[in-house]
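Next comes my_file.txt, a file with compact mmCIF, C-alpha atoms and all ligand atoms.
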```
# COMPACT_ATOMS: atom_id res chain seq x y z
CA GLY D 1 -103.44 142.31 119.93
CA LYS D 2 -102.09 138.83 120.34
CA VAL D 3 -100.64 135.93 118.44
CA ILE D 4 -103.03 132.97 118.37
CA SER D 5 -100.78 130.53 116.58
CA ALA D 6 -97.44 130.38 114.87
CA GLU D 7 -96.10 127.54 112.81
CA PHE D 8 -93.17 126.78 110.60
CA VAL D 9 -94.23 126.52 106.95
CA LYS D 10 -91.14 125.76 104.87
CA THR D 11 -87.64 126.72 103.87
CA ALA D 12 -86.73 128.00 100.44
CA THR D 13 -83.43 128.40 98.65
CA LYS D 14 -84.89 129.42 95.32
CA ARG D 15 -87.82 131.30 93.94
CA ASP D 16 -90.05 128.38 93.01
CA GLU D 17 -89.96 127.30 96.64
CA TRP D 18 -91.47 130.54 97.97
CA PRO D 19 -94.89 129.82 99.54
CA LEU D 20 -97.89 130.41 97.28
CA GLU D 21 -100.39 131.33 100.00
CA PRO D 22 -101.52 134.95 99.61
CA TRP D 23 -100.88 136.16 103.15
CA PRO D 24 -99.20 139.50 103.58
CA GLU D 25 -95.59 138.88 104.47
CA ILE D 26 -93.07 140.52 106.77
CA ALA D 27 -89.37 139.76 106.38
CA PHE D 28 -86.66 139.95 109.03
CA VAL D 29 -83.09 140.81 108.14
CA GLY D 30 -79.99 141.55 110.14
CA ARG D 31 -76.36 140.76 110.71
CA SER D 32 -75.54 137.27 111.96
CA ASN D 33 -75.82 137.05 115.72
CA VAL D 34 -77.65 140.38 116.05
CA GLY D 35 -80.52 138.60 117.83
CA LYS D 36 -82.90 138.07 114.92
CA SER D 37 -84.08 134.58 115.85
CA SER D 38 -84.54 135.60 119.47
CA LEU D 39 -86.63 138.60 118.46
CA LEU D 40 -88.76 136.48 116.11
CA ASN D 41 -89.41 134.04 118.92
CA ALA D 42 -90.29 136.91 121.26
CA LEU D 43 -92.69 138.29 118.65
CA VAL D 44 -94.58 135.00 118.46
CA ARG D 45 -93.93 134.22 122.14
CA ARG D 46 -92.35 130.88 121.50
CA THR D 47 -88.93 129.58 122.17
CA GLY D 48 -87.42 127.62 119.37
CA LEU D 49 -89.77 128.54 116.53
CA ALA D 50 -86.99 130.36 114.76
CA ARG D 51 -83.86 128.51 115.73
CA VAL D 52 -81.58 130.54 117.94
CA SER D 53 -78.17 129.86 116.54
CA ALA D 54 -75.38 128.39 118.58
CA THR D 55 -73.21 128.74 115.47
CA PRO D 56 -73.87 132.09 113.84
CA GLY D 57 -74.37 132.23 110.10
CA ARG D 58 -75.84 128.76 109.89
CA THR D 59 -79.29 129.52 108.53
CA GLN D 60 -78.72 129.30 104.81
CA ALA D 61 -82.26 129.34 103.50
CA LEU D 62 -85.27 131.59 103.74
CA GLN D 63 -87.55 130.28 106.47
CA PHE D 64 -91.25 130.95 106.26
CA PHE D 65 -93.68 130.95 109.17
CA LYS D 66 -97.42 131.42 109.31
CA VAL D 67 -98.86 133.49 112.13
CA LEU D 68 -102.48 134.01 113.10
CA ARG D 69 -102.94 137.23 114.95
CA GLN D 70 -105.85 139.11 116.46
CA ASP D 71 -105.72 142.91 116.65
CA SER D 72 -108.31 142.94 119.44
CA PRO D 73 -110.29 140.28 121.35
CA LYS D 74 -113.28 140.47 118.99
CA ALA D 75 -111.43 140.99 115.73
CA ARG D 76 -111.24 138.23 113.15
CA PRO D 77 -107.86 136.47 113.25
CA ARG D 78 -105.59 137.62 110.48
CA ALA D 79 -103.07 135.35 108.77
CA LEU D 80 -99.68 136.67 107.87
CA ALA D 81 -96.37 135.19 106.90
CA LEU D 82 -93.03 135.91 108.46
CA CYS D 83 -89.86 135.29 106.50
CA ASP D 84 -86.60 134.87 108.38
CA LEU D 85 -83.71 135.70 106.06
CA PRO D 86 -80.17 134.39 106.54
CA GLY D 87 -77.99 136.77 108.54
CA TYR D 88 -75.43 138.77 106.61
CA GLY D 89 -71.87 139.72 107.41
CA PHE D 90 -70.67 136.42 108.75
CA ALA D 91 -66.99 136.46 107.81
CA LYS D 92 -66.19 132.77 108.19
CA VAL D 93 -68.34 131.75 105.24
CA PRO D 94 -66.53 131.25 101.89
CA GLN D 95 -67.04 134.08 99.39
CA ALA D 96 -68.79 131.88 96.79
CA GLU D 97 -71.33 130.80 99.36
CA ARG D 98 -71.80 134.39 100.52
CA ASP D 99 -72.47 135.45 96.93
CA ARG D 100 -75.11 132.72 96.59
CA TRP D 101 -76.83 133.90 99.79
CA ALA D 102 -76.72 137.50 98.68
CA ALA D 103 -78.32 136.64 95.33
CA MET D 104 -81.01 134.56 97.03
CA ILE D 105 -81.83 137.29 99.56
CA GLU D 106 -81.74 140.11 97.03
CA ASP D 107 -84.02 138.24 94.60
CA TYR D 108 -86.53 137.76 97.36
CA LEU D 109 -86.39 141.35 98.65
CA ARG D 110 -86.66 142.75 95.13
CA GLU D 111 -89.29 140.43 93.68
CA ARG D 112 -91.60 139.23 96.43
CA LYS D 113 -94.95 140.83 95.64
CA ARG D 114 -96.77 140.24 98.92
CA LEU D 115 -93.91 141.53 101.07
CA VAL D 116 -95.41 144.51 102.91
CA ALA D 117 -92.60 145.41 105.27
CA VAL D 118 -89.06 144.48 106.21
CA VAL D 119 -87.84 144.58 109.79
CA LEU D 120 -84.14 145.40 109.89
CA ILE D 121 -82.69 144.29 113.20
CA VAL D 122 -79.76 146.25 114.57
CA ASP D 123 -77.81 146.09 117.80
CA ALA D 124 -78.94 148.94 120.03
CA ARG D 125 -75.53 149.21 121.64
CA HIS D 126 -73.56 150.21 118.59
CA GLU D 127 -73.70 152.76 115.81
CA PRO D 128 -75.12 150.79 112.84
CA PRO D 129 -72.16 149.38 110.86
CA GLU D 130 -71.71 149.68 107.11
CA SER D 131 -73.46 146.34 106.47
CA ASP D 132 -76.65 147.60 108.15
CA ARG D 133 -76.54 150.85 106.19
CA GLU D 134 -76.07 148.92 102.96
CA ALA D 135 -78.99 146.63 103.76
CA LEU D 136 -81.21 149.63 104.48
CA ALA D 137 -80.10 151.43 101.32
CA PHE D 138 -80.85 148.32 99.26
CA LEU D 139 -84.33 147.99 100.76
CA GLN D 140 -85.12 151.66 100.27
CA ALA D 141 -83.82 151.57 96.70
CA HIS D 142 -86.37 148.85 96.00
CA GLY D 143 -89.20 150.77 97.59
CA ARG D 144 -89.53 148.55 100.63
CA ARG D 145 -91.16 149.79 103.82
CA VAL D 146 -88.54 149.32 106.53
CA LEU D 147 -88.90 149.28 110.29
CA VAL D 148 -85.77 149.06 112.38
CA ALA D 149 -85.80 146.98 115.56
CA ALA D 150 -82.97 148.11 117.82
CA THR D 151 -82.54 145.02 119.94
CA LYS D 152 -80.52 143.93 123.00
CA MET D 153 -81.70 147.11 124.74
CA ASP D 154 -81.46 145.20 128.02
CA LYS D 155 -77.69 145.46 127.72
CA LEU D 156 -77.92 149.24 128.07
CA PRO D 157 -78.79 151.05 131.28
CA LYS D 158 -82.39 152.26 131.17
CA SER D 159 -81.21 155.87 131.15
CA ARG D 160 -79.43 155.35 127.82
CA ARG D 161 -82.07 153.41 125.87
CA PHE D 162 -84.07 156.31 124.51
CA ALA D 163 -80.94 158.05 123.29
CA ALA D 164 -79.70 154.82 121.70
CA ALA D 165 -82.90 154.44 119.67
CA ARG D 166 -82.77 158.11 118.66
CA GLY D 167 -79.12 157.74 117.74
CA ALA D 168 -79.88 154.77 115.50
CA ALA D 169 -82.66 156.70 113.75
CA LEU D 170 -80.33 159.63 113.21
CA ALA D 171 -77.49 157.45 111.95
CA LEU D 172 -79.82 155.69 109.50
CA ALA D 173 -81.65 158.88 108.48
CA LEU D 174 -85.00 157.44 109.57
CA ALA D 175 -87.90 159.00 111.42
CA PRO D 176 -87.63 158.33 115.19
CA ASP D 177 -90.90 156.33 115.03
CA ASP D 178 -89.37 153.93 112.53
CA VAL D 179 -86.88 152.68 115.11
CA VAL D 180 -88.45 150.44 117.73
CA PRO D 181 -86.41 149.68 120.87
CA CYS D 182 -86.57 145.96 121.68
CA SER D 183 -85.17 143.28 123.91
CA ALA D 184 -85.79 139.59 123.39
CA VAL D 185 -84.52 138.93 126.91
CA GLU D 186 -86.96 141.35 128.54
CA GLY D 187 -89.69 140.74 125.98
CA THR D 188 -89.98 144.47 125.39
CA GLY D 189 -90.72 146.23 122.13
CA THR D 190 -92.73 143.38 120.64
CA ASP D 191 -96.11 145.06 121.23
CA ALA D 192 -94.84 148.28 119.66
CA LEU D 193 -93.46 146.34 116.72
CA TRP D 194 -96.74 144.46 116.20
CA THR D 195 -98.70 147.72 116.36
CA ARG D 196 -96.54 149.18 113.60
CA LEU D 197 -96.60 145.99 111.54
CA GLY D 198 -100.36 145.56 112.00
CA ALA D 199 -100.92 149.03 110.56
CA LEU D 200 -98.68 148.28 107.56
CA VAL D 201 -100.40 144.95 106.86
CA LYS D 202 -103.79 146.71 106.77
CA GLU D 203 -102.71 149.51 104.41
P1 LIG E 301 -79.32 135.68 115.13
O1 LIG E 301 -78.06 135.02 114.64
O2 LIG E 301 -79.42 137.08 114.66
O3 LIG E 301 -80.56 134.89 114.87
O4 LIG E 301 -79.14 135.84 116.71
P2 LIG E 301 -79.71 134.94 117.91
O5 LIG E 301 -81.15 135.21 118.16
O6 LIG E 301 -79.28 133.54 117.67
O7 LIG E 301 -78.91 135.58 119.14
C1 LIG E 301 -77.51 135.69 119.15
C2 LIG E 301 -77.04 135.79 120.60
O8 LIG E 301 -77.51 136.99 121.20
C3 LIG E 301 -77.55 134.65 121.47
O9 LIG E 301 -76.55 134.33 122.39
C4 LIG E 301 -78.75 135.26 122.17
O10 LIG E 301 -79.03 134.66 123.42
C5 LIG E 301 -78.32 136.71 122.33
N1 LIG E 301 -79.46 137.64 122.33
C6 LIG E 301 -80.43 137.71 121.39
N2 LIG E 301 -81.31 138.69 121.67
C7 LIG E 301 -80.90 139.26 122.82
C8 LIG E 301 -81.40 140.35 123.64
O11 LIG E 301 -82.42 141.00 123.36
N3 LIG E 301 -80.68 140.64 124.74
C9 LIG E 301 -79.54 139.97 125.09
N4 LIG E 301 -78.91 140.35 126.20
N5 LIG E 301 -79.05 138.96 124.37
C10 LIG E 301 -79.72 138.59 123.24
```
Show this structure as structure tokens.
Amino acid sequence: GKVISAEFVKTATKRDEWPLEPWPEIAFVGRSNVGKSSLLNALVRRTGLARVSATPGRTQALQFFKVLRQDSPKARPRALALCDLPGYGFAKVPQAERDRWAAMIEDYLRERKRLVAVVLIVDARHEPPESDREALAFLQAHGRRVLVAATKMDKLPKSRRFAAARGAALALALAPDDVVPCSAVEGTGTDALWTRLGALVKE
């Protein structure tokens, strides 16, 4: 499959700003600086679609993108929406602001009807920290389908990558298939992620 087009749609800080178009939606969550924007850009093969942050923790709104994607050369293009959520766990943000973000993100993850899957991005190099486990538990508690993208795999020697992905699955109590090894730098993992997401969008 391939991405035919990708465009920014809008930002939203409250519910009545969520897009009304009926496309199936996929949300991306992760700790600040984990590599979420880079992975989004790799998924749509564009640099700068989702802003790669020089200052972590700066994206304070939900950002919606529209993607047209073809499963195969002859298939009809399929529209879907991607939602980039603000990164969590950025310590330098005042507590009141953090609470506002949390409420905004949680409302969306709980209430958004057309949300078919959530991609939780984790750092392949480290055992998932408490904040990642909490995010996963929250998503599962609300019945969300979660795929984990273990990114920055390029920072590990090739011989350790498989074990790192397996380790993340084990640590998060997920099936091995639900953890997809990725690297935005190498551009790896994006096809595998699309294959999984494509199947979920069709369900
Ligand atoms: P975000 O805050 O989660 O959106 O993270 P960014 O996409 O802005 O990336 C944070 C930092 O990690 C930047 O310096 C990126 O260049 C770097 N980065 C992101 N993805 C990768 C990756 O797959 N491999 C490596 N080596 N660095 C990455």
Item to check | Pick from D:Phe28, D:Trp194, D:Trp101, D:Tyr108, whichever lies nearest to ligand LIG 301 (chain E) using all atoms listed in the file | outcome: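 The shortest atom-to-atom distance to ligand LIG 301 (chain E) comes from D:Phe28.
With atom CA of Val146 of chain D on one side and atom O2 of ligand LIG 301 (chain E) on the other, the separation reads 17.3 Å.
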Mind working out the centre and edge lengths of an axis-aligned box for ligand LIG 301 (chain E), all listed atoms inside, 6 Å added to each side, rounded to one decimal in Å and written as AutoDock Vina command-line options?
```
--center_x -79.5 --center_y 137.3 --center_z 120.4 --size_x 17.9 --size_y 19.5 --size_z 23.6
```
Item to check | Expected answer as number ranges by chain: residues within 6 Å of ligand LIG 301 (chain E), all atoms listed in the file | outcome: D: 32-38, 52-53, 56, 151-152, 154-155, 183-185
Item to check | Phe8 of chain D surroundings by all atoms listed in the file, 7 Å radius, close-in-sequence under 3 positions cut, as a list in words | outcome: Phe64, Phe65 and Lys66 of chain D
Item to check | Cut-off 10 Å around (-92.2, 153.6, 111.5) with only C-alpha atoms: residues as a PyMOL selection string | outcome: chain D and resi 145-148+174-180+193+196-197+199-200
Item to check | Atom-to-atom span, atom CA of Leu68 of chain D and atom CA of Ala124 of chain D, Å | outcome: 28.7 Å
Checklist entry - Could you work out how far atom CA of Arg15 of chain D lies from atom CA of Val201 of chain D, giving the answer in Å with one decimal? => result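 One can read the atom CA of Val201 of chain D to atom CA of Arg15 of chain D distance as 22.6 Å.
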Item to check | Near-Thr190 of chain D list (7 Å; all atoms listed in the file; drop same-chain fewer than 4 positions) as a PyMOL selection string | outcome: chain D and resi 42-43+182+194
Excluding same-chain residues fewer than 2 positions from segment 82-86 of chain D, what lies within 6 Å of it counting all atoms listed in the file, as a compact mmCIF listing (two decimals) with C-alpha atoms, in the frame of the given file?
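Saved the output as out-v3.txt:
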```txt
# COMPACT_ATOMS: atom_id res chain seq x y z
CA GLU D 25 -95.59 138.88 104.47
CA ILE D 26 -93.07 140.52 106.77
CA ALA D 27 -89.37 139.76 106.38
CA PHE D 28 -86.66 139.95 109.03
CA VAL D 29 -83.09 140.81 108.14
CA THR D 59 -79.29 129.52 108.53
CA GLN D 60 -78.72 129.30 104.81
CA LEU D 62 -85.27 131.59 103.74
CA GLN D 63 -87.55 130.28 106.47
CA PHE D 64 -91.25 130.95 106.26
CA PHE D 65 -93.68 130.95 109.17
```
Checklist entry - With all atoms listed in the file as the basis for distance, which of D:Arg98, D:Lys113, D:His126, D:Lys202 is at the shortest distance from Ala165 of chain D? => result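 For Ala165 of chain D, the nearest of the candidates is D:His126.
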Item to check | Nearest to Glu130 of chain D, chosen from D:Arg45, D:Ala96, D:Tyr88, D:Leu156, with all atoms listed in the file counted in the distances | outcome: D:Tyr88
Checklist entry - Using only C-alpha atoms, which residue out of D:Ala6, D:Ala150, D:Ala168, D:Ala137 lies closest to Gly189 of chain D? => result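 Comparing D:Ala6, D:Ala150, D:Ala168, D:Ala137 against Gly189 of chain D, the winner is D:Ala150.
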Checklist entry - Between D:Gly167, D:Gly1, D:Gly30, D:Gly87, which one has atoms that come closest to Glu127 of chain D, using only C-alpha atoms? => result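 Answer, going by the shortest atom-to-atom distance: D:Gly167.
Of the listed residues (D:Gly198, D:Pro157, D:Ala173, D:Val67), D:Val67 comes nearest to Asn41 of chain D; the distances count only C-alpha atoms.
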